[in-house]
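*Asks:* Handing you this structure, nothing more for now.
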Amino acid sequence: MSIKQVMVVGAGQMGAGIAQVCAQYGFSVKLNDIADEALEKGKAGIEKRLARSVEKGRLAEEEQQKTLENLSYTTDLNEASTCDLVIEAIVENMNVKTSLFKKLDEFAPEHAILASNTSSLPITEIAAVTNRPSQVIGMHFMNPVPVMKLVEIIRGLQTSDETYQSIKDMTEKICKSPVEVNDFPGFVSNRVLMPMINEAIYTVYEGVATPEDVDTVMKLGMNHPMGPLTLADFIGLDTCLYIMEVLHEGFGDSKYRPCPLLRKYVKAGWLGKKSGRGFYTYEN
Ligand SMILES: NC(=O)c1ccc[n+]([C@@H]2O[C@H](COP(=O)([O-])OP(=O)(O)OC[C@H]3O[C@@H](n4cnc5c(N)ncnc54)[C@H](O)[C@@H]3O)[C@@H](O)[C@H]2O)c1
């Protein structure tokens, strides 16, 4: 199936990045959010990133202009009716995602593929609420989307080979590297990454070291480009907690229990960079 028109649902840090990259590589993209404010913020972020790329000589002005022309913004989900592919990037919560997929199944044309950027939730379960489970797939982009090359492509139990192939081709067209993964809690990326972040939080919780020192150990000792607590703040502590809960529930193994300090920070509204406070504090 040839994909031309794409809708990205959720204009947060991931959705805005996905919309930008798809538009940069020639797809016509509608960015959707339930909140006008989020849509405005997503749009401003895209425009700022593109302008910075032009300033730094990484993007021609002509390409910037074409990208902006390929993008439109809407709070109306009905506009999915003209799309070949919808990529969902809303909050990491199964109930919220399944209620959205039921609506997308109603609004999107029969041929359309419905993809989720979920970090950990089962694609098979999301697909089961639609009447087109063979056309539902996971497209797990990495943060920040314009920079990171990987897209984990997750096949649900009923995802067809045709759907997989269309999404693999699309991923290559936007100059990303697809990796095929089966539907299991946390897939590969977060099954490996999140327990490490959670353990780093435990070391702070148990008074073993400060966040700065934990990050320094992992940067200088393990050659990680970014410490795990800086990375957790960057991902969003609410997202980290959701993922740990999915791993804990999915495997039924206590080794995945979320650290109480992570829960406490999320309850306090300390969500990391996006809220201005997490393991570190951020201005603006
Ligand atoms: N943050 C990361 O590093 C990262 C990496 C890979 C994947 N993900 C996944 O991407 C998804 C989004 O994460 P994020 O960090 O961009 O979150 P975010 O909080 O920055 O953005 C979520 C956006 O979704 C919007 N939204 C919520 N419900 C909606 C609905 N029903 N319809 C339309 N819009 C709705 C919100 O208004 C918000 O703008 C999650 O599933 C997350 O697990 C996140």
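Each chain of the structure tokens is named A, B, ... in the order shown, its residues numbered from 1; ligands are numbered from 1 in display order.
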Which residues of chain A come within 7 Å of ligand 1, and for each one, what is the closest pair of atoms and their distance in Å to one decimal, counting only C-alpha atoms and all ligand atoms, sorted by chain and residue number, as a tab-separated table?

*Replies:*
residue	atom	partner	partner_atom_place_in_ligand_line	distance
A:Val9	CA	ligand 1	33 (C)	5.2
A:Gly10	CA	ligand 1	24 (O)	3.7
A:Ala11	CA	ligand 1	39 (O)	4.6
A:Gly12	CA	ligand 1	21 (O)	3.3
A:Gln13	CA	ligand 1	16 (O)	4.0
A:Met14	CA	ligand 1	16 (O)	3.7
A:Gly15	CA	ligand 1	16 (O)	5.5
A:Asn32	CA	ligand 1	33 (C)	6.0
A:Asp33	CA	ligand 1	34 (N)	3.7
A:Ile34	CA	ligand 1	33 (C)	4.3
A:Ala35	CA	ligand 1	37 (O)	5.3
A:Ala38	CA	ligand 1	39 (O)	4.7
A:Leu39	CA	ligand 1	39 (O)	6.9
A:Ala89	CA	ligand 1	11 (C)	4.1
A:Ile90	CA	ligand 1	24 (O)	3.6
A:Val91	CA	ligand 1	40 (C)	4.7
A:Glu92	CA	ligand 1	41 (O)	3.9
A:Val96	CA	ligand 1	31 (N)	6.4
A:Leu100	CA	ligand 1	31 (N)	5.7
A:Asn117	CA	ligand 1	10 (O)	5.1
A:Thr118	CA	ligand 1	41 (O)	3.8
A:Ser119	CA	ligand 1	43 (O)	4.2
A:Ser120	CA	ligand 1	43 (O)	6.8
A:His140	CA	ligand 1	7 (C)	5.8
A:Phe141	CA	ligand 1	6 (C)	5.4
A:Met142	CA	ligand 1	6 (C)	4.9
A:Asn143	CA	ligand 1	3 (O)	4.7
A:Phe234	CA	ligand 1	3 (O)	6.6
A:Ile235	CA	ligand 1	3 (O)	3.6
A:Gly236	CA	ligand 1	1 (N)	5.7
A:Thr239	CA	ligand 1	43 (O)	5.5

*Asks:* So which bits of stretch 122-205 of chain A end up strand (DSSP E) when you DSSP the backbone, as a PDB file with C-alpha atoms, in the first residue's frame?

*Replies:*
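Result went into selection06.pdb, see below:
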ATOM      1  CA  VAL A 136      -2.518  -2.356  13.504  1.00  0.00           C
ATOM      2  CA  ILE A 137       1.203  -2.176  14.284  1.00  0.00           C
ATOM      3  CA  GLY A 138       3.704  -0.603  16.671  1.00  0.00           C
ATOM      4  CA  MET A 139       6.010   2.128  15.373  1.00  0.00           C
ATOM      5  CA  HIS A 140       8.232   2.961  18.313  1.00  0.00           C
ATOM      6  CA  PHE A 141      10.287   6.068  17.583  1.00  0.00           C
ATOM      7  CA  LEU A 150      15.926   3.725  15.358  1.00  0.00           C
ATOM      8  CA  VAL A 151      12.280   2.752  14.934  1.00  0.00           C
ATOM      9  CA  GLU A 152      11.256  -0.516  16.611  1.00  0.00           C
ATOM     10  CA  ILE A 153       8.482  -2.006  14.479  1.00  0.00           C
ATOM     11  CA  ILE A 154       6.279  -4.199  16.625  1.00  0.00           C
ATOM     12  CA  ARG A 155       4.158  -6.915  15.113  1.00  0.00           C
ATOM     13  CA  SER A 177      16.411   2.294  10.620  1.00  0.00           C
ATOM     14  CA  PRO A 178      13.620  -0.216  11.309  1.00  0.00           C
ATOM     15  CA  VAL A 179      14.137  -3.184  13.621  1.00  0.00           C
ATOM     16  CA  GLU A 180      11.487  -5.913  13.716  1.00  0.00           C
ATOM     17  CA  VAL A 181      10.381  -6.881  17.210  1.00  0.00           C
ATOM     18  CA  ASN A 182       7.660  -9.189  18.493  1.00  0.00           C
TER      19      ASN A 182
END

*Asks:* Determine which residues of stretch 109-252 of chain A DSSP labels as alpha helix (DSSP H) from the backbone of this structure, then write them out as an NGL selection string.

*Replies:* :A and (123-128 or 161-173 or 189-205 or 211-216 or 222 or 228-235 or 237-251)

*Asks:* Set the distance at 7 Å and use only C-alpha atoms: which residues neighbour A:Arg263 once local chain neighbours fewer than 4 positions away are removed? I'd like the list as a ChimeraX atom specification.

*Replies:* /A:241,259,267

*Asks:* Can you work out which one of A:Val208, A:Ile123, A:Leu261, A:Leu271 has the shortest atom-to-atom distance to A:Ala232, counting only C-alpha atoms?

*Replies:*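 Of all the options, A:Leu271 lies closest to A:Ala232.
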
*Asks:* Take atom CA of A:Thr210 and atom CA of A:Val192 and report the distance between them in Å, one decimal.

*Replies:*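 Pair atom CA of A:Thr210 / atom CA of A:Val192 returns 22.8 Å.
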